[in-house]
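Enquirer: Here it is, the structure in full.
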Amino acid sequence: MKLETLKNKKILILGFGREGRDTFEFLSKFFPEKMFGIADKDKNCKLQIANCKLRKIKWHLGKNYLKALKDYDVIIKSPGIPIHLPEVERAFREGKITSQTEIFFENYKGKIVGITGTKGKSTTASLIYKVLKEGGLKVHLAGNIGKPVLSYLISSKENEIFVYELSSHQLYNMKISPHIAVFLNIYPEHLDYYKDFNEYLMAKANITLWQTENDFLIYNFRDKNLRKIAKKSKAKKIPIKNYSNVLKNIGIKKIPFYGDFYGLNIACAIEVGKIFGVEKEKIKRAIEKFKPLPHRLEYVGKFRGIEFFNDSLSTIPQTTIAALNSLGKKVQTLILGGYDRGLDFKELAKEIIKRKIKNLILFPPTGERIWQEILNEVKDDSELPKAILVQNMKDAVKIAFEITEKNKICLLSPASPSFGLFRDYKERGNLFKRYVKYYGKKA
């Protein structure tokens, strides 16, 4: 939606978290005389805004906050607001709902590189940003890892590039796609938000659905769902079939940090660099200087003879399997479990048995579900790992030191979201690192 079209519209900002506040601050500067509606379930959210009594705001707060939707022409929805509430579904049908992301895409003057996938978005976006910056291009980074996006609109120029990490929530109902779309993978996730996996997949597919013949789609050819989506795309297609070949063509003989799955992330960054004409040596230098983001198979260190890895961002079983594949036979203790989104842990259970993981430290409730899957798969009790259920990270790490042998690995890779016991994956990972260092100093 073009900003000019908002001038005479009654605008409601639906959801007043970080993104909602950013949207309000931008639009209130762009339209200083306009009265904005703000709707949120949280009655205290107005405390998040400075001088709120002096601002032109009509508040709709508390349990009936959705009743306000019918009174506005345009609703700028934050990603966290559920899509299948009756009032929200009605507003979608009426064509009232847009998003900060869609507004940005419609009004940004430069080129946009969008990255999506169930896992690896932040790392890939950061790699692409580093490659383009090393190439001397004017580039910005946004999404969950960069600055709020709307602030870039006022001063944006056509020679600028914007690297944008895009979640399924941001892509849902989008009717515009980026110039370069990077699609990494798709696994069942957020099934408490979408009706089913297909709806989640279709939300992600919007990253390429609206591309033209002048655009590019870089995608993981190994993913059958992505191959189907790519067939429907009008963009110039760049399938990533063999990561190692792409790396070798740039002169990178091996992945310069822990995690074989980083091969896909690096290969996508290389292809984006090539589209923008970045020299091979500069691409290679950017990748070799890159430091992986925290909580993504992060090497914590060696303490009392044990190596510790923090993979707290692993919120689905597929990423825990990938972490085990990357670290190999030295993994002896695996810390698992967390919030239950109803995912299937059968393949993870098989992988744990196959790899003869000796110790499992389990957080409820999914830790118990994973253990039950293992019991269902094992025929001989002698193959069972030792399993210990814990309620907090301090106990988990203390026990890990007690049961893990020297020169072996303890891996935190929960295969589940953090909610319930922890605020988010960052708190979970930071607590793990804190207690590893705390107990690691003890004799």
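Identifiers for the structure tokens are assigned positionally: chains receive A, B, ... in sequence, residues are indexed from 1 per chain, and ligands are indexed from 1 in the order shown.
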Please identify the helix (DSSP H, G or I) residues within stretch 358-392 of chain A (assignment by DSSP from backbone atoms) and present them as a PyMOL selection string.
Expert: chain A and resi 366-377+381-383
Enquirer: Which residues are close to stretch 160-162 of chain A, i.e. within 8 Å by only C-alpha atoms, leaving aside same-chain residues fewer than 6 positions away? Reply as a PyMOL selection string.
Expert: chain A and resi 109-113+137-142
Enquirer: Would you mind listing what lies within 10 Å of A:Lys204 as a VMD selection string, with only C-alpha atoms counted and same-chain residues fewer than 5 positions away left out?
Expert: chain A and resid 116 to 118 166 to 174 183 185 to 186 198 to 199 209 226 229
Enquirer: Excluding A:Ile353 and its own-chain neighbours fewer than 4 positions away, which residues fall within 9 Å of it when counting only C-alpha atoms? Please give them as a ChimeraX atom specification.
Expert: /A:348-349,357,374,377-378,383-385
Enquirer: Write out as a CSV table (one decimal) with C-alpha atoms, in the first residue's frame all residues of stretch 89-177 of chain A that backbone DSSP assigns to strand (DSSP E or B).
Expert:
```
chain,number,residue,atom,x,y,z
A,97,ILE,CA,-5.6,-5.7,6.5
A,98,THR,CA,-2.1,-4.8,5.5
A,111,LYS,CA,16.1,-3.4,-4.3
A,112,ILE,CA,15.0,-6.0,-1.7
A,113,VAL,CA,16.6,-9.3,-1.0
A,114,GLY,CA,14.1,-11.4,1.1
A,115,ILE,CA,15.0,-14.5,3.0
A,116,THR,CA,12.6,-17.1,4.4
A,139,VAL,CA,23.2,-2.3,2.0
A,140,HIS,CA,20.9,-2.4,5.0
A,141,LEU,CA,19.8,-5.4,7.2
A,142,ALA,CA,16.4,-5.8,8.8
A,147,LYS,CA,16.7,-2.1,12.8
A,161,ILE,CA,19.8,-2.8,-1.2
A,162,PHE,CA,17.8,-4.0,1.7
A,163,VAL,CA,18.3,-7.5,3.1
A,164,TYR,CA,15.1,-8.6,4.9
A,165,GLU,CA,14.6,-11.7,7.0
```
Enquirer: Which value, in Å to one decimal, gives the distance between atom CA of A:Lys358 and atom CA of A:Asp424?
Expert: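 Value for the atom CA of A:Lys358-atom CA of A:Asp424 distance: 27.6 Å.
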Enquirer: Hey, what's within 10 Å of A:Glu373 if we count only C-alpha atoms and toss same-chain stuff fewer than 6 positions away? As a ChimeraX atom specification, please?
Expert: /A:344-350,367
Enquirer: Include C-alpha atoms and write out the residues we just selected as a PDB file, in the first residue's frame.
Expert:
```
ATOM      1  CA  ASP A 344       6.320 -35.438  15.458  1.00  0.00           C
ATOM      2  CA  PHE A 345       9.444 -36.702  17.279  1.00  0.00           C
ATOM      3  CA  LYS A 346       9.583 -40.197  15.806  1.00  0.00           C
ATOM      4  CA  GLU A 347      12.528 -39.543  13.440  1.00  0.00           C
ATOM      5  CA  LEU A 348      14.463 -37.786  16.197  1.00  0.00           C
ATOM      6  CA  ALA A 349      13.920 -40.774  18.495  1.00  0.00           C
ATOM      7  CA  LYS A 350      15.284 -43.095  15.790  1.00  0.00           C
ATOM      8  CA  GLY A 367      11.068 -34.241  26.777  1.00  0.00           C
TER       9      GLY A 367
END
```
